[in-house]
$ cat coords-v4.txt   # compact mmCIF, C-alpha atoms
# COMPACT_ATOMS: atom_id res chain seq x y z
CA ARG A 117 -47.94 8.19 7.36
CA ILE A 118 -47.03 6.76 10.72
CA ARG A 119 -44.10 4.85 9.22
CA LEU A 120 -42.88 7.95 7.39
CA GLY A 121 -43.11 10.00 10.57
CA ALA A 122 -41.12 7.41 12.47
CA LEU A 123 -38.48 7.36 9.74
CA LEU A 124 -38.16 11.14 9.79
CA PHE A 125 -37.82 11.04 13.57
CA VAL A 126 -34.99 8.50 13.29
CA VAL A 127 -33.20 10.60 10.69
CA GLN A 128 -33.55 13.73 12.84
CA VAL A 129 -32.21 12.02 15.96
CA TYR A 130 -29.41 10.38 13.99
CA SER A 131 -28.34 13.73 12.50
CA GLU A 132 -28.42 15.57 15.82
CA GLU A 133 -26.51 12.94 17.79
CA TRP A 134 -23.97 12.09 15.09
CA SER A 135 -22.41 15.52 15.58
CA ASN A 136 -21.28 14.31 19.01
CA GLN A 137 -20.26 10.79 17.98
CA ASP A 138 -17.56 10.38 20.64
CA ASP A 139 -20.28 10.16 23.31
CA ILE A 140 -22.81 8.13 21.33
CA CYS A 141 -21.63 4.71 22.51
CA ASN A 142 -22.45 5.60 26.10
CA LYS A 143 -25.99 6.86 25.51
CA PRO A 144 -29.22 4.86 25.03
CA SER A 145 -30.19 6.52 21.75
CA VAL A 146 -31.21 5.70 18.20
CA ALA A 147 -27.92 7.07 16.91
CA GLY A 148 -26.01 5.03 19.46
CA LEU A 149 -27.81 1.90 18.31
CA ILE A 150 -27.41 2.22 14.55
CA GLY A 151 -24.67 4.70 13.84
CA SER A 152 -21.69 4.45 16.13
CA ARG A 153 -19.78 1.28 15.29
CA PRO A 154 -16.80 1.33 12.92
CA GLN A 155 -17.53 -0.21 9.54
CA LEU A 156 -15.44 -2.68 7.53
CA TYR A 157 -16.12 -3.27 3.82
CA PHE A 158 -15.16 -6.51 2.09
CA PHE A 159 -15.14 -5.78 -1.65
CA GLY A 160 -14.41 -8.53 -4.12
CA ASP A 161 -15.64 -11.21 -6.47
CA SER A 162 -17.32 -14.57 -5.78
CA ILE A 163 -14.65 -15.60 -3.26
CA THR A 164 -15.79 -12.66 -1.16
CA GLU A 165 -19.49 -13.19 -1.90
CA TYR A 166 -19.30 -16.87 -0.93
CA GLY A 167 -17.23 -15.83 2.07
CA GLY A 168 -20.52 -14.71 3.60
CA ASN A 169 -21.83 -18.28 3.69
CA MET A 170 -21.88 -20.25 6.93
CA ASN A 171 -18.23 -20.75 7.93
CA GLY A 172 -17.10 -18.62 4.98
CA TRP A 173 -14.02 -16.48 5.56
CA VAL A 174 -15.95 -13.18 5.82
CA THR A 175 -18.37 -14.80 8.25
CA LEU A 176 -15.50 -16.12 10.36
CA VAL A 177 -13.93 -12.66 10.43
CA SER A 178 -17.23 -10.95 11.24
CA GLU A 179 -17.69 -13.21 14.27
CA LYS A 180 -14.58 -11.61 15.77
CA TYR A 181 -16.11 -8.14 15.31
CA VAL A 182 -19.48 -8.87 16.94
CA ARG A 183 -20.45 -5.84 19.06
CA ARG A 184 -17.27 -4.07 17.96
CA ALA A 185 -17.69 -3.22 14.27
CA ASP A 186 -20.18 -3.71 11.43
CA VAL A 187 -18.91 -5.92 8.60
CA PHE A 188 -20.36 -5.42 5.11
CA ASN A 189 -19.91 -8.11 2.47
CA ARG A 190 -19.73 -6.53 -0.97
CA GLY A 191 -18.75 -9.57 -3.00
CA TYR A 192 -19.97 -9.91 -6.60
CA SER A 193 -19.71 -13.28 -8.30
CA GLY A 194 -18.09 -13.17 -11.73
CA TYR A 195 -16.83 -9.60 -11.39
CA SER A 196 -13.36 -8.51 -12.41
CA THR A 197 -11.61 -5.19 -11.82
CA ALA A 198 -13.23 -4.00 -15.06
CA HIS A 199 -16.61 -4.28 -13.30
CA ALA A 200 -15.43 -3.13 -9.88
CA ARG A 201 -13.62 0.07 -10.85
CA PRO A 202 -16.77 1.81 -12.18
CA ILE A 203 -18.56 0.99 -8.92
CA LEU A 204 -15.92 2.90 -6.98
CA GLU A 205 -15.93 5.72 -9.49
CA GLY A 206 -19.65 6.07 -8.81
CA LEU A 207 -18.99 5.93 -5.08
CA ALA A 208 -16.55 8.83 -5.29
CA ALA A 209 -19.15 10.85 -7.20
CA ASP A 210 -21.77 10.14 -4.52
CA ARG A 211 -19.41 11.35 -1.83
CA GLN A 212 -19.02 14.63 -3.70
CA GLY A 213 -22.72 15.37 -3.29
CA THR A 214 -24.22 14.06 -6.53
CA GLY A 215 -25.93 11.12 -4.90
CA VAL A 216 -26.75 9.49 -1.60
CA SER A 217 -24.34 9.78 1.29
CA HIS A 218 -22.54 6.86 2.89
CA ARG A 219 -21.01 6.08 6.25
CA HIS A 220 -17.24 6.17 6.37
CA PRO A 221 -15.59 2.71 6.55
CA VAL A 222 -12.38 2.46 8.52
CA LEU A 223 -11.05 -0.49 6.51
CA ALA A 224 -11.84 -1.99 3.12
CA THR A 225 -10.49 -5.09 1.39
CA ILE A 226 -9.97 -5.22 -2.37
CA PHE A 227 -9.98 -8.85 -3.48
CA PHE A 228 -10.03 -9.27 -7.26
CA GLY A 229 -7.99 -11.12 -9.86
CA ALA A 230 -9.49 -14.61 -9.91
CA ASN A 231 -11.61 -13.61 -12.92
CA ASP A 232 -9.22 -11.08 -14.46
CA SER A 233 -6.66 -13.90 -14.75
CA CYS A 234 -8.74 -16.02 -17.13
CA GLY A 235 -7.20 -16.67 -20.52
CA PRO A 236 -7.70 -14.34 -23.52
CA GLU A 237 -10.33 -16.76 -24.85
CA SER A 238 -12.61 -15.89 -21.93
CA PHE A 239 -14.95 -12.90 -21.85
CA GLN A 240 -13.87 -12.35 -18.23
CA TRP A 241 -10.20 -11.84 -19.06
CA VAL A 242 -8.61 -8.52 -18.18
CA PRO A 243 -5.05 -8.04 -19.51
CA ILE A 244 -2.59 -7.86 -16.67
CA GLU A 245 -1.53 -4.31 -17.45
CA ILE A 246 -5.17 -3.17 -17.28
CA PHE A 247 -5.70 -5.20 -14.11
CA SER A 248 -2.75 -3.33 -12.59
CA LEU A 249 -4.14 0.07 -13.57
CA ASN A 250 -7.61 -0.81 -12.32
CA LEU A 251 -6.34 -2.08 -8.98
CA ALA A 252 -4.26 1.04 -8.36
CA ALA A 253 -7.22 3.24 -9.32
CA MET A 254 -9.52 1.36 -6.94
CA ILE A 255 -7.17 1.92 -4.00
CA ARG A 256 -7.04 5.64 -4.82
CA LEU A 257 -10.80 5.90 -5.33
CA LEU A 258 -11.52 4.38 -1.94
CA ARG A 259 -9.06 6.75 -0.30
CA GLU A 260 -10.59 9.68 -2.14
CA ALA A 261 -14.12 8.74 -1.10
CA TYR A 262 -13.11 7.88 2.47
CA PRO A 263 -10.03 9.80 3.63
CA GLY A 264 -8.08 7.78 6.15
CA VAL A 265 -9.57 4.42 5.17
CA VAL A 266 -7.15 1.50 5.37
CA THR A 267 -7.21 -0.50 2.13
CA VAL A 268 -6.15 -4.14 2.23
CA VAL A 269 -5.34 -5.80 -1.11
CA ILE A 270 -5.83 -9.56 -1.25
CA THR A 271 -4.21 -11.44 -4.13
CA PRO A 272 -6.10 -14.10 -6.08
CA PRO A 273 -5.47 -17.63 -4.80
CA PRO A 274 -3.78 -20.38 -6.82
CA VAL A 275 -5.93 -22.62 -8.98
CA ASP A 276 -5.93 -26.41 -9.12
CA GLU A 277 -6.51 -27.21 -12.77
CA ALA A 278 -7.00 -30.93 -12.05
CA LYS A 279 -10.23 -30.11 -10.22
CA PHE A 280 -11.64 -28.35 -13.29
CA ALA A 281 -12.44 -31.76 -14.81
CA GLY A 282 -16.15 -32.02 -15.54
CA LEU A 283 -16.70 -28.29 -15.02
CA SER A 284 -16.79 -26.91 -18.56
CA TRP A 285 -17.06 -23.28 -17.47
CA LEU A 286 -13.76 -23.65 -15.65
CA GLN A 287 -12.10 -25.85 -18.26
CA GLN A 288 -12.88 -23.29 -20.95
CA SER A 289 -11.84 -20.25 -18.91
CA GLY A 290 -8.13 -20.44 -19.64
CA ARG A 291 -7.22 -20.26 -15.96
CA THR A 292 -3.81 -21.72 -15.11
CA LEU A 293 -1.63 -21.80 -12.03
CA GLY A 294 1.04 -19.78 -13.81
CA ARG A 295 -1.43 -17.09 -14.87
CA ALA A 296 -2.81 -16.84 -11.32
CA ALA A 297 0.77 -16.46 -10.04
CA SER A 298 1.40 -13.54 -12.40
CA TYR A 299 -1.74 -11.66 -11.36
CA ALA A 300 -1.02 -12.31 -7.69
CA ALA A 301 2.50 -10.91 -8.07
CA GLU A 302 1.07 -7.87 -9.86
CA ALA A 303 -1.40 -7.29 -7.03
CA VAL A 304 1.46 -7.32 -4.50
CA LYS A 305 3.43 -4.91 -6.68
CA VAL A 306 0.52 -2.47 -6.88
CA ALA A 307 -0.12 -2.68 -3.14
CA LEU A 308 3.51 -1.85 -2.40
CA GLU A 309 3.53 1.04 -4.87
CA GLU A 310 0.35 2.46 -3.36
CA GLY A 311 1.44 1.91 0.24
CA SER A 312 -1.44 -0.45 0.97
CA PRO A 313 -1.34 -3.41 3.35
CA TYR A 314 -1.84 -6.67 1.50
CA ILE A 315 -2.38 -10.38 1.94
CA ASP A 316 -0.46 -12.54 -0.52
CA LEU A 317 -2.97 -15.35 -0.49
CA PHE A 318 -1.38 -17.07 -3.49
CA SER A 319 2.09 -17.39 -1.95
CA SER A 320 0.74 -18.20 1.51
CA MET A 321 -1.22 -21.11 0.07
CA VAL A 322 1.24 -22.64 -2.41
CA GLN A 323 4.02 -22.86 0.14
CA ARG A 324 1.89 -25.40 2.00
CA GLU A 325 1.73 -29.04 0.93
CA ASP A 326 -2.01 -29.14 1.57
CA TRP A 327 -2.92 -26.07 -0.49
CA LYS A 328 -5.01 -27.98 -3.02
CA GLY A 329 -7.30 -29.07 -0.20
CA MET A 330 -8.05 -25.38 0.41
CA LEU A 331 -9.89 -25.19 -2.93
CA SER A 332 -13.32 -26.71 -3.49
CA ASP A 333 -13.65 -26.72 -7.29
CA GLY A 334 -10.11 -25.67 -8.09
CA LEU A 335 -10.98 -21.96 -7.95
CA HIS A 336 -13.13 -21.18 -4.91
CA LEU A 337 -12.15 -21.75 -1.31
CA SER A 338 -13.08 -24.89 0.59
CA PRO A 339 -13.87 -24.73 4.32
CA ALA A 340 -10.16 -25.20 5.00
CA GLY A 341 -9.36 -22.33 2.63
CA ASP A 342 -11.93 -20.07 4.25
CA THR A 343 -10.45 -20.76 7.67
CA PHE A 344 -6.96 -20.12 6.33
CA LEU A 345 -7.85 -16.76 4.75
CA ALA A 346 -9.78 -15.61 7.82
CA ARG A 347 -6.70 -16.32 9.90
CA LEU A 348 -4.46 -14.41 7.47
CA PHE A 349 -6.76 -11.39 7.65
CA LEU A 350 -6.88 -11.42 11.46
CA ASP A 351 -3.10 -11.84 11.58
CA LEU A 352 -2.73 -8.76 9.39
CA VAL A 353 -4.94 -6.51 11.54
CA ARG A 354 -3.04 -7.67 14.61
CA ARG A 355 0.43 -6.92 13.26
CA HIS A 356 0.27 -4.25 10.54
CA PRO A 357 0.64 -0.74 12.02
CA ASP A 358 -1.96 0.79 9.66
CA ALA A 359 -4.57 -1.89 10.38
CA SER A 360 -3.79 -2.62 14.03
CA PRO A 361 -6.27 -0.01 15.37
CA PHE A 362 -8.94 -2.37 14.03
CA ASN A 363 -7.64 -5.46 15.76
CA PRO A 364 -10.89 -6.86 17.20
CA ASP A 365 -9.04 -8.08 20.29
CA ASN A 366 -8.42 -4.44 21.30
CA MET A 367 -11.60 -2.74 20.06
CA ALA A 368 -14.11 -1.53 22.60
CA SER A 369 -17.38 -3.39 22.97
CA HIS A 370 -20.41 -1.40 21.81
CA PHE A 371 -22.43 -0.16 24.81
CA PRO A 372 -21.48 -1.19 28.36
CA PRO A 373 -21.49 -4.88 29.30
CA PHE A 374 -24.58 -5.99 31.17
CA GLY A 375 -22.66 -6.29 34.41
CA ALA A 376 -22.17 -2.52 34.42
CA PHE A 377 -25.90 -2.09 35.06
CA MET A 378 -25.97 -4.22 38.20
CA ASP A 379 -25.15 -3.63 41.84
CA VAL A 380 -23.87 -6.89 43.20
CA ASP A 381 -23.62 -7.78 46.87
CA HIS A 382 -21.41 -10.86 46.86
CA THR A 383 -23.42 -13.16 44.57
CA THR A 384 -26.77 -11.41 44.77
CA ILE A 385 -27.94 -8.85 42.23
CA THR A 386 -29.52 -6.12 44.35
CA ARG A 387 -30.45 -3.56 41.70
CA LEU A 388 -30.60 -3.06 37.93
CA CYS A 389 -28.74 0.22 37.61
CA GLU A 390 -29.47 3.16 35.38
CA TRP A 391 -27.51 4.42 32.41
CA PRO A 392 -24.75 6.90 33.26
CA ASP A 393 -25.32 10.65 33.08
CA GLY A 394 -28.95 10.72 34.13
CA HIS A 395 -30.36 8.29 31.56
CA GLY A 396 -31.72 5.91 34.20
CA GLN A 397 -35.44 6.56 34.03
CA TYR A 398 -36.03 2.82 33.71
CA CYS A 399 -34.03 1.84 36.79
CA VAL A 400 -35.56 -1.17 38.53
CA GLU A 401 -35.08 -1.59 42.28

$ encode --input "coords-v4.txt" --output "structure tokens"
Amino acid sequence: RIRLGALLFVVQVYSEEWSNQDDICNKPSVAGLIGSRPQLYFFGDSITEYGGNMNGWVTLVSEKYVRRADVFNRGYSGYSTAHARPILEGLAADRQGTGVSHRHPVLATIFFGANDSCGPESFQWVPIEIFSLNLAAMIRLLREAYPGVVTVVITPPPVDEAKFAGLSWLQQSGRTLGRAASYAAEAVKVALEEGSPYIDLFSSMVQREDWKGMLSDGLHLSPAGDTFLARLFLDLVRRHPDASPFNPDNMASHFPPFGAFMDVDHTTITRLCEWPDGHGQYCVE
């Protein structure tokens, strides 16, 4: 009962203060603690899921957003656009009041194609024309669920077929460099048609002599590949006009820095100051 009461109190405070969200970051409140930061969603297959590992590309990106935005890894190993599209269709339904509500992300990546681009002999294969339709639908579904969200399409990377040796699940998947190139080009085409920023990971990698070293097993990213993709993402949010508001270099830090609470006389801290606007009941002289 005590836990339920505490939960209801949090929900009540969150609901009351969220209506004045512009001021939340400057108040010591429950809503200010859990509800005020922008949210970024990273939606994709295993390359996104594994990107949450130590030194994975999503982890490297999230480090730049510490105290600025909340990063959510929504990577699903083995998934193709055929699996991902229904998820977003369900999300749109939830936003229309038939299910639970969700916070509004400001930016979302869509990173699929590594599984879609298997050969027809694989159960994971999605024909390229269906991949194209699914990808376009996913961009629209995210925009429908979250008006104003910036979608960022990431193409599948190249594959190094020589590294498939000894890995039967990869050898039997029908993946080829040429097939990956076709799906990557289709992803760029869809992004342009839908007016979405994109990262052409395939082209950015293959133009480098060391691109094969960016793949661990011929399909997934190695540490060098993770670092490379993280840099491409950060470059995009720094230069693309749609994504630039979410450049971590320019985003405000959540809550004031600790120095704002101190009166300093030369090098001596003389007082731990109160919160602004009369919230300083815990001021320490």

$ residues_around --input "coords-v4.txt" --residues "Val353 (chain A)" --least-positions-apart "5" --cutoff "10 Å" --atoms "all atoms listed in the file" --output "list in words"
Leu223, Val268, Pro313, Leu348, Asp358, Ala359, Ser360, Pro361, Phe362, Asn363, Pro364 and Asp365 of chain A

$ residues_around --input "coords-v4.txt" --residues "Ala198 (chain A)" --least-positions-apart "3" --cutoff "8 Å" --atoms "all atoms listed in the file" --output "list in words"
Tyr195, Arg201, Pro202, Val242, Phe247 and Asn250 of chain A

$ residues_around --input "coords-v4.txt" --residues "Ser248 (chain A)" --least-positions-apart "4" --cutoff "12 Å" --atoms "all atoms listed in the file" --output "PyMOL selection string"
chain A and resi 196-198+201+228-229+232-233+242-244+252-255+271+298-307+309-310

$ closest_residue --input "coords-v4.txt" --among "A:Pro372, A:Pro263, A:Gly168, A:Gly294" --to "Val322 (chain A)" --atoms "only C-alpha atoms"
A:Gly294

$ atom_distance --input "coords-v4.txt" --atom1 "CA of Gly334 (chain A)" --atom2 "CA of Leu286 (chain A)"
8.6 Å

$ closest_residue --input "coords-v4.txt" --among "A:Val275, A:Leu207, A:Leu345, A:Met170" --to "Gln287 (chain A)" --atoms "only C-alpha atoms"
A:Val275

$ atom_distance --input "coords-v4.txt" --atom1 "CA of Gly172 (chain A)" --atom2 "CA of Tyr262 (chain A)"
26.9 Å

$ atom_distance --input "coords-v4.txt" --atom1 "CA of Gly194 (chain A)" --atom2 "CA of Asn231 (chain A)"
6.6 Å

$ residues_around --input "coords-v4.txt" --residues "His336 (chain A)" --least-positions-apart "5" --cutoff "10 Å" --atoms "only C-alpha atoms" --output "VMD selection string"
chain A and resid 162 to 164 166 to 167 230 273 to 276 330 to 331 341 to 342

$ write_last_selection --input "coords-v4.txt" --atoms "C-alpha atoms" --output "CSV table (one decimal), in the coordinates of the input"
chain,number,residue,atom,x,y,z
A,162,SER,CA,-17.3,-14.6,-5.8
A,163,ILE,CA,-14.6,-15.6,-3.3
A,164,THR,CA,-15.8,-12.7,-1.2
A,166,TYR,CA,-19.3,-16.9,-0.9
A,167,GLY,CA,-17.2,-15.8,2.1
A,230,ALA,CA,-9.5,-14.6,-9.9
A,273,PRO,CA,-5.5,-17.6,-4.8
A,274,PRO,CA,-3.8,-20.4,-6.8
A,275,VAL,CA,-5.9,-22.6,-9.0
A,276,ASP,CA,-5.9,-26.4,-9.1
A,330,MET,CA,-8.0,-25.4,0.4
A,331,LEU,CA,-9.9,-25.2,-2.9
A,341,GLY,CA,-9.4,-22.3,2.6
A,342,ASP,CA,-11.9,-20.1,4.2

$ closest_residue --input "coords-v4.txt" --among "A:Pro339, A:Asp333, A:Asn169, A:Val177" --to "Trp285 (chain A)" --atoms "all atoms listed in the file"
A:Asp333

$ closest_residue --input "coords-v4.txt" --among "A:Thr267, A:Ser238, A:Leu258, A:Lys328" --to "Gly290 (chain A)" --atoms "only C-alpha atoms"
A:Ser238
